[in-house]
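Asker: Okay, so here is target-v7.cif, and as you'll see once you scroll down, it has mmCIF, C-alpha atoms.
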```cif
data_model
loop_
_atom_site.label_atom_id
_atom_site.label_comp_id
_atom_site.auth_asym_id
_atom_site.auth_seq_id
_atom_site.Cartn_x
_atom_site.Cartn_y
_atom_site.Cartn_z
CA MET A 73 76.64 87.19 109.49
CA GLN A 74 78.82 88.63 106.73
CA LYS A 75 82.49 87.85 107.10
CA PRO A 76 84.66 90.95 107.69
CA VAL A 77 86.86 91.85 104.74
CA ARG A 78 90.58 92.24 105.47
CA THR A 79 90.03 92.53 109.18
CA PHE A 80 93.79 92.67 109.72
CA SER A 81 96.34 94.06 107.32
CA GLY A 82 99.77 95.64 107.15
CA SER A 83 102.76 94.83 109.31
CA LEU A 84 101.78 92.95 112.45
CA VAL A 85 104.77 92.32 114.72
CA ALA A 86 105.23 88.90 116.29
CA LEU A 87 106.33 90.47 119.55
CA VAL A 88 109.15 89.00 121.64
CA THR A 89 108.63 88.50 125.37
CA PRO A 90 111.32 90.36 127.37
CA PHE A 91 112.69 88.67 130.47
CA ALA A 92 114.36 90.38 133.42
CA SER A 93 117.50 89.25 135.22
CA HIS A 94 115.40 87.46 137.85
CA GLY A 95 113.87 85.33 135.11
CA GLY A 96 110.37 86.80 135.13
CA VAL A 97 108.73 88.92 132.47
CA ASP A 98 110.21 92.42 132.20
CA PHE A 99 107.03 94.49 132.02
CA ASP A 100 108.85 97.83 131.84
CA MET A 101 110.65 96.64 128.73
CA LEU A 102 107.38 95.29 127.36
CA ASP A 103 105.95 98.81 127.65
CA ARG A 104 109.00 100.17 125.79
CA LEU A 105 108.50 97.66 122.99
CA VAL A 106 104.84 98.57 122.54
CA ASP A 107 105.77 102.27 122.48
CA PHE A 108 108.52 101.54 119.93
CA HIS A 109 105.97 99.98 117.59
CA LEU A 110 103.41 102.71 118.10
CA ALA A 111 106.05 105.27 117.12
CA ASN A 112 107.34 103.39 114.08
CA GLY A 113 104.32 102.51 112.01
CA THR A 114 103.58 98.94 113.09
CA ASP A 115 99.98 98.18 112.12
CA GLY A 116 99.25 95.62 114.83
CA ILE A 117 100.82 93.59 117.61
CA VAL A 118 100.67 89.83 117.94
CA ALA A 119 101.44 88.81 121.52
CA LEU A 120 101.99 85.25 122.74
CA GLY A 121 102.93 83.72 119.42
CA THR A 122 105.92 81.53 118.58
CA THR A 123 108.37 84.44 118.80
CA ALA A 124 107.05 85.22 122.28
CA GLU A 125 108.36 81.88 123.63
CA THR A 126 104.81 81.10 124.67
CA PRO A 127 105.49 77.39 125.35
CA THR A 128 107.72 78.45 128.26
CA LEU A 129 105.18 80.86 129.81
CA ASN A 130 102.71 79.64 132.40
CA ASP A 131 99.07 80.68 132.11
CA GLY A 132 99.48 83.44 134.69
CA GLU A 133 102.36 84.95 132.75
CA LYS A 134 100.41 84.69 129.51
CA GLU A 135 97.47 86.55 131.01
CA ALA A 136 99.75 89.24 132.45
CA VAL A 137 101.58 89.76 129.13
CA ALA A 138 98.33 89.93 127.17
CA ARG A 139 96.82 92.38 129.64
CA ARG A 140 99.89 94.63 129.63
CA VAL A 141 100.17 94.78 125.84
CA ILE A 142 96.45 95.44 125.39
CA ASP A 143 96.46 98.17 128.02
CA ARG A 144 99.63 99.82 126.70
CA ALA A 145 98.41 99.82 123.10
CA GLY A 146 95.24 101.47 124.32
CA GLY A 147 93.25 100.73 121.19
CA ARG A 148 95.63 102.67 118.95
CA ILE A 149 96.51 99.57 116.96
CA PRO A 150 94.97 96.08 117.11
CA VAL A 151 96.37 93.53 119.52
CA ILE A 152 96.03 89.90 118.50
CA VAL A 153 96.77 87.32 121.18
CA GLY A 154 97.95 83.77 120.62
CA ALA A 155 95.43 81.32 122.06
CA GLY A 156 96.83 78.12 120.63
CA SER A 157 97.12 74.80 122.40
CA ASN A 158 97.11 71.13 121.48
CA ASN A 159 94.41 70.77 124.12
CA THR A 160 91.25 72.04 122.43
CA GLN A 161 89.40 72.89 125.63
CA HIS A 162 92.41 74.79 126.97
CA ALA A 163 92.62 76.80 123.74
CA ALA A 164 88.91 77.61 124.03
CA GLU A 165 89.39 78.76 127.63
CA LEU A 166 92.32 80.97 126.58
CA ALA A 167 90.16 82.45 123.83
CA ARG A 168 87.48 83.42 126.34
CA GLN A 169 90.07 84.82 128.71
CA TYR A 170 91.80 87.02 126.14
CA GLU A 171 88.47 88.29 124.83
CA ALA A 172 87.62 89.39 128.37
CA LEU A 173 90.93 91.25 128.56
CA GLY A 174 90.06 93.28 125.45
CA ALA A 175 92.03 91.56 122.68
CA ASP A 176 91.10 92.54 119.13
CA GLY A 177 91.66 89.08 117.69
CA LEU A 178 93.15 85.66 118.32
CA LEU A 179 95.88 83.66 116.63
CA VAL A 180 95.25 79.92 116.92
CA VAL A 181 97.93 77.47 115.84
CA THR A 182 97.33 73.94 114.59
CA PRO A 183 97.31 71.40 117.45
CA TYR A 184 100.97 70.42 117.55
CA TYR A 185 102.25 66.95 118.50
CA ASN A 186 98.78 65.35 118.43
CA LYS A 187 98.88 65.56 114.57
CA ALA A 188 95.10 65.77 114.23
CA ASN A 189 93.31 64.08 111.36
CA LYS A 190 91.06 66.16 109.11
CA SER A 191 87.90 65.83 111.17
CA GLY A 192 89.78 66.60 114.38
CA MET A 193 91.58 69.58 112.83
CA ARG A 194 88.30 71.08 111.66
CA ALA A 195 86.55 70.45 114.99
CA HIS A 196 89.48 71.90 116.94
CA PHE A 197 89.28 75.27 115.21
CA GLU A 198 85.49 75.30 115.15
CA THR A 199 85.41 74.68 118.91
CA VAL A 200 87.85 77.51 119.65
CA ALA A 201 86.02 79.90 117.32
CA ALA A 202 82.70 79.05 118.98
CA ALA A 203 84.13 79.98 122.38
CA THR A 204 84.61 83.63 121.38
CA SER A 205 83.08 86.42 119.34
CA LEU A 206 86.56 87.69 118.41
CA PRO A 207 87.97 87.28 114.90
CA VAL A 208 90.21 84.22 114.71
CA ILE A 209 93.32 83.85 112.55
CA LEU A 210 94.42 80.29 111.84
CA TYR A 211 98.16 79.65 112.11
CA ASN A 212 99.67 77.11 109.72
CA VAL A 213 103.32 76.38 110.56
CA PRO A 214 104.03 72.70 109.85
CA GLY A 215 107.77 73.11 110.43
CA ARG A 216 106.97 73.78 114.09
CA THR A 217 103.88 71.65 114.66
CA GLY A 218 104.36 68.58 112.47
CA CYS A 219 100.94 69.06 110.87
CA SER A 220 99.24 71.31 108.33
CA ILE A 221 95.73 72.49 107.58
CA SER A 222 94.65 70.72 104.40
CA ILE A 223 93.16 72.89 101.69
CA ASP A 224 89.76 71.21 101.87
CA VAL A 225 89.60 71.72 105.66
CA LEU A 226 90.70 75.34 105.21
CA ALA A 227 87.87 75.90 102.74
CA GLU A 228 85.38 74.62 105.34
CA LEU A 229 86.89 76.68 108.15
CA ALA A 230 86.78 79.83 106.01
CA ARG A 231 82.99 79.60 106.13
CA VAL A 232 82.96 79.95 109.93
CA PRO A 233 81.85 83.58 110.46
CA ASN A 234 84.56 84.64 112.92
CA ILE A 235 87.44 82.71 111.34
CA VAL A 236 88.72 85.58 109.25
CA GLY A 237 92.21 84.67 108.06
CA ILE A 238 95.31 82.52 108.10
CA LYS A 239 98.93 83.14 109.01
CA GLU A 240 100.59 81.04 106.34
CA ALA A 241 104.08 79.96 107.42
CA SER A 242 104.59 76.72 105.52
CA GLY A 243 107.03 78.33 103.08
CA ASP A 244 105.11 76.57 100.29
CA ILE A 245 104.05 79.18 97.73
CA SER A 246 101.85 76.62 95.96
CA TYR A 247 99.89 76.04 99.17
CA ALA A 248 99.57 79.81 99.64
CA ALA A 249 98.25 80.17 96.09
CA GLN A 250 95.64 77.48 96.74
CA CYS A 251 94.64 79.31 99.93
CA ALA A 252 94.20 82.55 98.01
CA ARG A 253 92.18 80.87 95.24
CA LEU A 254 89.79 79.12 97.58
CA VAL A 255 89.05 81.73 100.20
CA GLY A 256 88.97 84.97 98.19
CA ASP A 257 89.20 88.59 99.28
CA GLY A 258 87.01 88.21 102.34
CA PHE A 259 89.69 86.17 104.11
CA CYS A 260 92.99 87.61 105.33
CA LEU A 261 96.05 85.87 103.94
CA LEU A 262 98.96 86.90 106.16
CA SER A 263 102.54 85.89 105.48
CA GLY A 264 104.26 84.08 108.31
CA ASN A 265 107.64 84.20 106.58
CA ASP A 266 109.57 87.46 106.33
CA ASP A 267 111.52 86.29 103.28
CA SER A 268 108.38 85.94 101.16
CA VAL A 269 106.10 88.80 102.17
CA VAL A 270 105.86 90.36 98.70
CA PRO A 271 105.17 87.03 96.95
CA LEU A 272 102.23 86.41 99.28
CA LEU A 273 100.97 89.96 98.83
CA SER A 274 101.04 89.38 95.07
CA LEU A 275 98.61 86.48 95.56
CA GLY A 276 96.15 88.75 97.35
CA GLY A 277 97.67 88.74 100.81
CA SER A 278 96.87 91.57 103.19
CA GLY A 279 100.03 91.67 105.30
CA VAL A 280 102.56 89.85 107.44
CA ILE A 281 102.93 88.64 111.00
CA SER A 282 106.59 89.49 111.23
CA VAL A 283 109.68 88.61 113.24
CA LEU A 284 111.65 91.22 111.26
CA ALA A 285 109.32 93.97 112.48
CA ASN A 286 110.74 93.59 115.99
CA VAL A 287 113.96 95.25 114.84
CA ALA A 288 112.83 97.01 111.63
CA PRO A 289 109.25 98.12 112.23
CA ARG A 290 109.27 101.09 109.90
CA GLN A 291 110.87 99.20 107.01
CA THR A 292 108.48 96.26 107.38
CA HIS A 293 105.49 98.59 107.49
CA ASP A 294 106.73 100.45 104.42
CA MET A 295 107.25 97.23 102.47
CA VAL A 296 103.65 96.14 102.98
CA ALA A 297 102.15 99.61 102.69
CA SER A 298 103.98 100.24 99.42
CA PHE A 299 102.61 97.09 97.85
CA LEU A 300 99.06 97.68 99.07
CA ALA A 301 99.27 101.25 97.71
CA GLY A 302 100.22 99.93 94.27
CA ASP A 303 103.97 100.51 94.40
CA ALA A 304 105.13 96.94 93.83
CA ARG A 305 108.57 98.09 92.74
CA ARG A 306 109.28 99.84 96.06
CA ALA A 307 107.94 96.85 97.99
CA ARG A 308 110.18 94.51 96.01
CA GLU A 309 113.22 96.73 96.61
CA LEU A 310 112.60 96.68 100.36
CA GLN A 311 112.01 92.92 100.41
CA LEU A 312 115.28 92.22 98.61
CA SER A 313 117.35 94.77 100.52
CA LEU A 314 116.16 93.32 103.83
CA LEU A 315 116.75 89.70 102.81
CA PRO A 316 120.30 89.39 104.29
CA LEU A 317 119.00 90.67 107.64
CA ILE A 318 116.00 88.36 107.47
CA ASN A 319 118.30 85.40 106.83
CA ALA A 320 120.45 86.42 109.81
CA LEU A 321 117.35 86.57 112.03
CA PHE A 322 116.75 82.90 111.23
CA ILE A 323 120.35 81.69 111.32
CA GLU A 324 119.37 79.84 114.48
CA THR A 325 116.00 78.83 115.90
CA ASN A 326 113.61 81.75 116.25
CA PRO A 327 113.51 83.73 118.58
CA VAL A 328 117.15 83.25 119.60
CA PRO A 329 118.57 85.62 116.94
CA VAL A 330 115.84 88.26 117.15
CA LYS A 331 116.21 88.58 120.92
CA LYS A 332 119.95 89.09 120.45
CA ALA A 333 119.21 91.60 117.70
CA MET A 334 116.92 93.51 120.07
CA GLU A 335 119.80 93.72 122.53
CA LEU A 336 122.13 94.97 119.82
CA ILE A 337 119.78 97.81 118.86
CA GLY A 338 119.29 98.92 122.45
CA PHE A 339 116.40 96.83 123.78
CA ASP A 340 117.81 94.27 126.20
CA CYS A 341 115.02 91.70 126.29
CA GLY A 342 117.05 89.14 128.20
CA PRO A 343 117.95 85.63 127.11
CA CYS A 344 115.58 83.01 125.79
CA ARG A 345 114.24 80.53 128.28
CA LEU A 346 115.43 76.95 128.07
CA PRO A 347 115.31 74.80 126.07
CA LEU A 348 116.53 77.63 123.80
CA GLY A 349 120.16 78.38 124.65
CA PRO A 350 122.61 81.23 123.91
CA MET A 351 123.46 82.17 120.34
CA ASP A 352 126.69 81.03 118.72
CA ALA A 353 129.37 83.78 118.79
CA GLY A 354 130.03 83.58 115.06
CA ASN A 355 126.35 83.88 114.28
CA ILE A 356 126.14 86.94 116.54
CA GLU A 357 128.78 88.65 114.42
CA THR A 358 126.87 87.79 111.25
CA LEU A 359 123.74 89.26 112.81
CA ARG A 360 125.62 92.38 113.93
CA ARG A 361 126.90 92.99 110.38
CA GLN A 362 123.45 92.65 108.84
CA LEU A 363 121.85 94.97 111.38
CA ALA A 364 124.02 97.72 109.90
CA VAL A 365 121.42 98.03 107.11
CA LEU A 366 119.17 99.74 109.66
CA ALA A 367 121.71 102.47 110.44
#
```
Can you give me the file's structure in the form of structure tokens?
Answerer:
Amino acid sequence: MQKPVRTFSGSLVALVTPFASHGGVDFDMLDRLVDFHLANGTDGIVALGTTAETPTLNDGEKEAVARRVIDRAGGRIPVIVGAGSNNTQHAAELARQYEALGADGLLVVTPYYNKANKSGMRAHFETVAAATSLPVILYNVPGRTGCSISIDVLAELARVPNIVGIKEASGDISYAAQCARLVGDGFCLLSGNDDSVVPLLSLGGSGVISVLANVAPRQTHDMVASFLAGDARRARELQLSLLPLINALFIETNPVPVKKAMELIGFDCGPCRLPLGPMDAGNIETLRRQLAVLA
């Protein structure tokens, strides 16, 4: 089976999960968010990732969110669903479940807390990939999980037919360069950091899974599209002009700032669930000032 080339590219939004006043998922707002991205150039939606507060959702809520996003998108843009867990069999079950719902791909994070050794890390991803025919994107975010996919394990996983890419969120440009050198053009290298999208694209990346795109979908799309169309200067200008806003979106733990930013631009997605608390008042003002760039 030949590996798909650049299965996913462009600006893929790491979608927030909106909560209603009663504490449950706000599905009407979720519809509005999907429509917002369809109207503003977002190239794909990633549901149930880190930004979605997935650790605080039960399995029933996860299934309902995935189903709603897939149905609302209606095949117009790809929907990738987070199927990560530090329990390998649970991740495999989620993979099967989201495939049955009609997902276009899966995002699978490294098994956090367990801190798998190399053989366990490889077997974890191979087991999840074997549970589904969907394309799988690995998610490397050691700042969140306490572990990273070693380059030699990545090279082995890249040979699995339906493991088609990696969301690289280590912030280590040297690691990203090694990824690009080893896996080649048939493997999607997606930035997981909004402040370094253009640098990763310059190494052969195909796009970004973006927090920024929640509030600036058109600008994020244009940044990636410009680079992929050969206009590196325009992409660089957008990256640098958006940097103060990007920094403000990470002034506290993600997704605390981005959910506040959504409220400030007219999408009240509710508070974060505990253990993430309210945003500091001074940081809210900083965020408010930087959102002015979108006006």
Asker: For range 148-168 of chain A versus range 98-116 of chain A, which residues have an atom no more than 9 Å away, and what is each residue's nearest atom pair and distance in Å rounded to one decimal, using only C-alpha atoms, chain-then-number order, as JSON lines?
Answerer:
```
{"residue": "A:Arg148", "atom": "CA", "partner": "A:Leu110", "partner_atom": "CA", "distance": 7.8}
{"residue": "A:Ile149", "atom": "CA", "partner": "A:Gly116", "partner_atom": "CA", "distance": 5.3}
{"residue": "A:Pro150", "atom": "CA", "partner": "A:Gly116", "partner_atom": "CA", "distance": 4.9}
{"residue": "A:Val151", "atom": "CA", "partner": "A:Gly116", "partner_atom": "CA", "distance": 5.9}
{"residue": "A:Ile152", "atom": "CA", "partner": "A:Gly116", "partner_atom": "CA", "distance": 7.5}
```
Asker: Within 9 Å of range 280-292 of chain A, counting only C-alpha atoms, which residues qualify if same-chain residues fewer than 4 places away don't, as a PyMOL selection string?
Answerer: chain A and resi 81-88+105+108-109+111-114+116-118+123+239+261-266+269+272-273+296-297+310-311+314+317-318+321+326-327+330-331+333-334+337+363+366
Asker: On this structure, the PyMOL selection byres ((chain A and resi 199-213) around 6) would catch which residues? List them as a count of residues only, sorted by chain and number.
Answerer: 24
Asker: When the PyMOL selection byres ((chain A and resi 259) around 7) is applied to the file above, which residues end up in the set, as a PyMOL selection string?
Answerer: chain A and resi 77-78+236-237+255-258+260-261
Asker: Please save C-alpha atoms of the selected residues as a PDB file, in the coordinates of the input.
Answerer:
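Output below, filename out_32.pdb:
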```pdb
ATOM      1  CA  VAL A  77      86.860  91.850 104.740  1.00  0.00           C
ATOM      2  CA  ARG A  78      90.580  92.240 105.470  1.00  0.00           C
ATOM      3  CA  VAL A 236      88.720  85.580 109.250  1.00  0.00           C
ATOM      4  CA  GLY A 237      92.210  84.670 108.060  1.00  0.00           C
ATOM      5  CA  VAL A 255      89.050  81.730 100.200  1.00  0.00           C
ATOM      6  CA  GLY A 256      88.970  84.970  98.190  1.00  0.00           C
ATOM      7  CA  ASP A 257      89.200  88.590  99.280  1.00  0.00           C
ATOM      8  CA  GLY A 258      87.010  88.210 102.340  1.00  0.00           C
ATOM      9  CA  CYS A 260      92.990  87.610 105.330  1.00  0.00           C
ATOM     10  CA  LEU A 261      96.050  85.870 103.940  1.00  0.00           C
TER      11      LEU A 261
END
```
Asker: Work out how far apart CA of Cys341 in chain A and CA of Phe91 in chain A are and give it in Å to one decimal.
Answerer: 5.7 Å
Asker: Counting all atoms listed in the file, figure out which residue out of A:Gly174, A:Gly154, A:Gly121, A:Gly192 gets nearest to Arg139 in chain A.
Answerer: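 That would be A:Gly174, the residue with the smallest distance to Arg139 in chain A.
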Asker: Of the candidates A:Tyr185, A:Asn159, A:Leu173, A:Lys190, which one gets nearest to Lys134 in chain A if we count all atoms listed in the file?
Answerer: A:Leu173
Asker: Which residue gives the smallest distance to Pro343 in chain A among A:Ala230, A:Val97, A:Leu275, A:Ala367, with all atoms listed in the file counted?
Answerer: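 Looking at the shortest contact to Pro343 in chain A, the residue is A:Val97.
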Asker: Please supply range 115-150 of chain A, rebuilt with N, CA and C atoms, as a PDB file, in the coordinates of the input.
Answerer:
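Okay, rebuild-v1.pdb is ready:
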```pdb
ATOM      1  N   ASP A 115     101.428  98.127 112.313  1.00  0.00           N
ATOM      2  CA  ASP A 115      99.980  98.180 112.120  1.00  0.00           C
ATOM      3  C   ASP A 115      99.212  97.325 113.116  1.00  0.00           C
ATOM      4  N   GLY A 116      99.901  96.463 113.835  1.00  0.00           N
ATOM      5  CA  GLY A 116      99.250  95.620 114.830  1.00  0.00           C
ATOM      6  C   GLY A 116     100.283  94.821 115.586  1.00  0.00           C
ATOM      7  N   ILE A 117      99.917  94.371 116.765  1.00  0.00           N
ATOM      8  CA  ILE A 117     100.820  93.590 117.610  1.00  0.00           C
ATOM      9  C   ILE A 117     100.217  92.215 117.836  1.00  0.00           C
ATOM     10  N   VAL A 118     101.058  91.199 117.617  1.00  0.00           N
ATOM     11  CA  VAL A 118     100.670  89.830 117.940  1.00  0.00           C
ATOM     12  C   VAL A 118     101.478  89.409 119.165  1.00  0.00           C
ATOM     13  N   ALA A 119     100.805  89.253 120.277  1.00  0.00           N
ATOM     14  CA  ALA A 119     101.440  88.810 121.520  1.00  0.00           C
ATOM     15  C   ALA A 119     101.195  87.314 121.706  1.00  0.00           C
ATOM     16  N   LEU A 120     102.128  86.656 122.377  1.00  0.00           N
ATOM     17  CA  LEU A 120     101.990  85.250 122.740  1.00  0.00           C
ATOM     18  C   LEU A 120     101.942  84.317 121.537  1.00  0.00           C
ATOM     19  N   GLY A 121     102.756  84.639 120.533  1.00  0.00           N
ATOM     20  CA  GLY A 121     102.930  83.720 119.420  1.00  0.00           C
ATOM     21  C   GLY A 121     104.194  82.898 119.611  1.00  0.00           C
ATOM     22  N   THR A 122     104.693  82.325 118.518  1.00  0.00           N
ATOM     23  CA  THR A 122     105.920  81.530 118.580  1.00  0.00           C
ATOM     24  C   THR A 122     107.097  82.370 119.044  1.00  0.00           C
ATOM     25  N   THR A 123     107.235  83.563 118.487  1.00  0.00           N
ATOM     26  CA  THR A 123     108.370  84.440 118.800  1.00  0.00           C
ATOM     27  C   THR A 123     108.352  84.884 120.253  1.00  0.00           C
ATOM     28  N   ALA A 124     107.202  84.812 120.880  1.00  0.00           N
ATOM     29  CA  ALA A 124     107.050  85.220 122.280  1.00  0.00           C
ATOM     30  C   ALA A 124     107.482  84.137 123.265  1.00  0.00           C
ATOM     31  N   GLU A 125     107.965  83.000 122.761  1.00  0.00           N
ATOM     32  CA  GLU A 125     108.360  81.880 123.630  1.00  0.00           C
ATOM     33  C   GLU A 125     107.197  81.404 124.491  1.00  0.00           C
ATOM     34  N   THR A 126     106.016  81.439 123.922  1.00  0.00           N
ATOM     35  CA  THR A 126     104.810  81.100 124.670  1.00  0.00           C
ATOM     36  C   THR A 126     104.841  79.707 125.311  1.00  0.00           C
ATOM     37  N   PRO A 127     105.463  78.701 124.685  1.00  0.00           N
ATOM     38  CA  PRO A 127     105.490  77.390 125.350  1.00  0.00           C
ATOM     39  C   PRO A 127     106.183  77.395 126.712  1.00  0.00           C
ATOM     40  N   THR A 128     107.018  78.405 126.974  1.00  0.00           N
ATOM     41  CA  THR A 128     107.720  78.450 128.260  1.00  0.00           C
ATOM     42  C   THR A 128     107.057  79.401 129.264  1.00  0.00           C
ATOM     43  N   LEU A 129     105.922  79.982 128.896  1.00  0.00           N
ATOM     44  CA  LEU A 129     105.180  80.860 129.810  1.00  0.00           C
ATOM     45  C   LEU A 129     104.055  80.074 130.465  1.00  0.00           C
ATOM     46  N   ASN A 130     103.868  80.259 131.764  1.00  0.00           N
ATOM     47  CA  ASN A 130     102.710  79.640 132.400  1.00  0.00           C
ATOM     48  C   ASN A 130     101.466  80.490 132.123  1.00  0.00           C
ATOM     49  N   ASP A 131     100.312  79.976 132.457  1.00  0.00           N
ATOM     50  CA  ASP A 131      99.070  80.680 132.110  1.00  0.00           C
ATOM     51  C   ASP A 131      98.969  82.043 132.789  1.00  0.00           C
ATOM     52  N   GLY A 132      99.496  82.148 134.012  1.00  0.00           N
ATOM     53  CA  GLY A 132      99.480  83.440 134.690  1.00  0.00           C
ATOM     54  C   GLY A 132     100.335  84.466 133.968  1.00  0.00           C
ATOM     55  N   GLU A 133     101.499  84.048 133.507  1.00  0.00           N
ATOM     56  CA  GLU A 133     102.360  84.950 132.750  1.00  0.00           C
ATOM     57  C   GLU A 133     101.718  85.339 131.429  1.00  0.00           C
ATOM     58  N   LYS A 134     101.089  84.384 130.779  1.00  0.00           N
ATOM     59  CA  LYS A 134     100.410  84.690 129.510  1.00  0.00           C
ATOM     60  C   LYS A 134      99.336  85.756 129.713  1.00  0.00           C
ATOM     61  N   GLU A 135      98.523  85.576 130.738  1.00  0.00           N
ATOM     62  CA  GLU A 135      97.470  86.550 131.010  1.00  0.00           C
ATOM     63  C   GLU A 135      98.062  87.926 131.310  1.00  0.00           C
ATOM     64  N   ALA A 136      99.151  87.957 132.082  1.00  0.00           N
ATOM     65  CA  ALA A 136      99.750  89.240 132.450  1.00  0.00           C
ATOM     66  C   ALA A 136     100.353  89.935 131.235  1.00  0.00           C
ATOM     67  N   VAL A 137     101.008  89.173 130.355  1.00  0.00           N
ATOM     68  CA  VAL A 137     101.580  89.760 129.130  1.00  0.00           C
ATOM     69  C   VAL A 137     100.468  90.293 128.240  1.00  0.00           C
ATOM     70  N   ALA A 138      99.439  89.493 128.020  1.00  0.00           N
ATOM     71  CA  ALA A 138      98.330  89.930 127.170  1.00  0.00           C
ATOM     72  C   ALA A 138      97.693  91.200 127.721  1.00  0.00           C
ATOM     73  N   ARG A 139      97.435  91.214 129.020  1.00  0.00           N
ATOM     74  CA  ARG A 139      96.820  92.380 129.640  1.00  0.00           C
ATOM     75  C   ARG A 139      97.681  93.626 129.470  1.00  0.00           C
ATOM     76  N   ARG A 140      98.990  93.472 129.682  1.00  0.00           N
ATOM     77  CA  ARG A 140      99.890  94.630 129.630  1.00  0.00           C
ATOM     78  C   ARG A 140      99.971  95.193 128.210  1.00  0.00           C
ATOM     79  N   VAL A 141     100.081  94.315 127.223  1.00  0.00           N
ATOM     80  CA  VAL A 141     100.170  94.780 125.840  1.00  0.00           C
ATOM     81  C   VAL A 141      98.879  95.457 125.403  1.00  0.00           C
ATOM     82  N   ILE A 142      97.741  94.854 125.740  1.00  0.00           N
ATOM     83  CA  ILE A 142      96.450  95.440 125.390  1.00  0.00           C
ATOM     84  C   ILE A 142      96.283  96.808 126.038  1.00  0.00           C
ATOM     85  N   ASP A 143      96.609  96.905 127.312  1.00  0.00           N
ATOM     86  CA  ASP A 143      96.460  98.170 128.020  1.00  0.00           C
ATOM     87  C   ASP A 143      97.404  99.232 127.463  1.00  0.00           C
ATOM     88  N   ARG A 144      98.652  98.839 127.178  1.00  0.00           N
ATOM     89  CA  ARG A 144      99.630  99.820 126.700  1.00  0.00           C
ATOM     90  C   ARG A 144      99.281 100.311 125.293  1.00  0.00           C
ATOM     91  N   ALA A 145      98.800  99.414 124.455  1.00  0.00           N
ATOM     92  CA  ALA A 145      98.410  99.820 123.100  1.00  0.00           C
ATOM     93  C   ALA A 145      97.207 100.754 123.143  1.00  0.00           C
ATOM     94  N   GLY A 146      96.341 100.553 124.097  1.00  0.00           N
ATOM     95  CA  GLY A 146      95.240 101.470 124.320  1.00  0.00           C
ATOM     96  C   GLY A 146      94.310 101.669 123.139  1.00  0.00           C
ATOM     97  N   GLY A 147      94.151 100.640 122.327  1.00  0.00           N
ATOM     98  CA  GLY A 147      93.250 100.730 121.190  1.00  0.00           C
ATOM     99  C   GLY A 147      93.806 101.467 119.996  1.00  0.00           C
ATOM    100  N   ARG A 148      95.055 101.916 120.070  1.00  0.00           N
ATOM    101  CA  ARG A 148      95.630 102.670 118.950  1.00  0.00           C
ATOM    102  C   ARG A 148      95.960 101.792 117.757  1.00  0.00           C
ATOM    103  N   ILE A 149      96.356 100.566 118.014  1.00  0.00           N
ATOM    104  CA  ILE A 149      96.510  99.570 116.960  1.00  0.00           C
ATOM    105  C   ILE A 149      95.954  98.256 117.501  1.00  0.00           C
ATOM    106  N   PRO A 150      95.532  97.347 116.616  1.00  0.00           N
ATOM    107  CA  PRO A 150      94.970  96.080 117.110  1.00  0.00           C
ATOM    108  C   PRO A 150      96.000  95.236 117.830  1.00  0.00           C
TER     109      PRO A 150
END
```
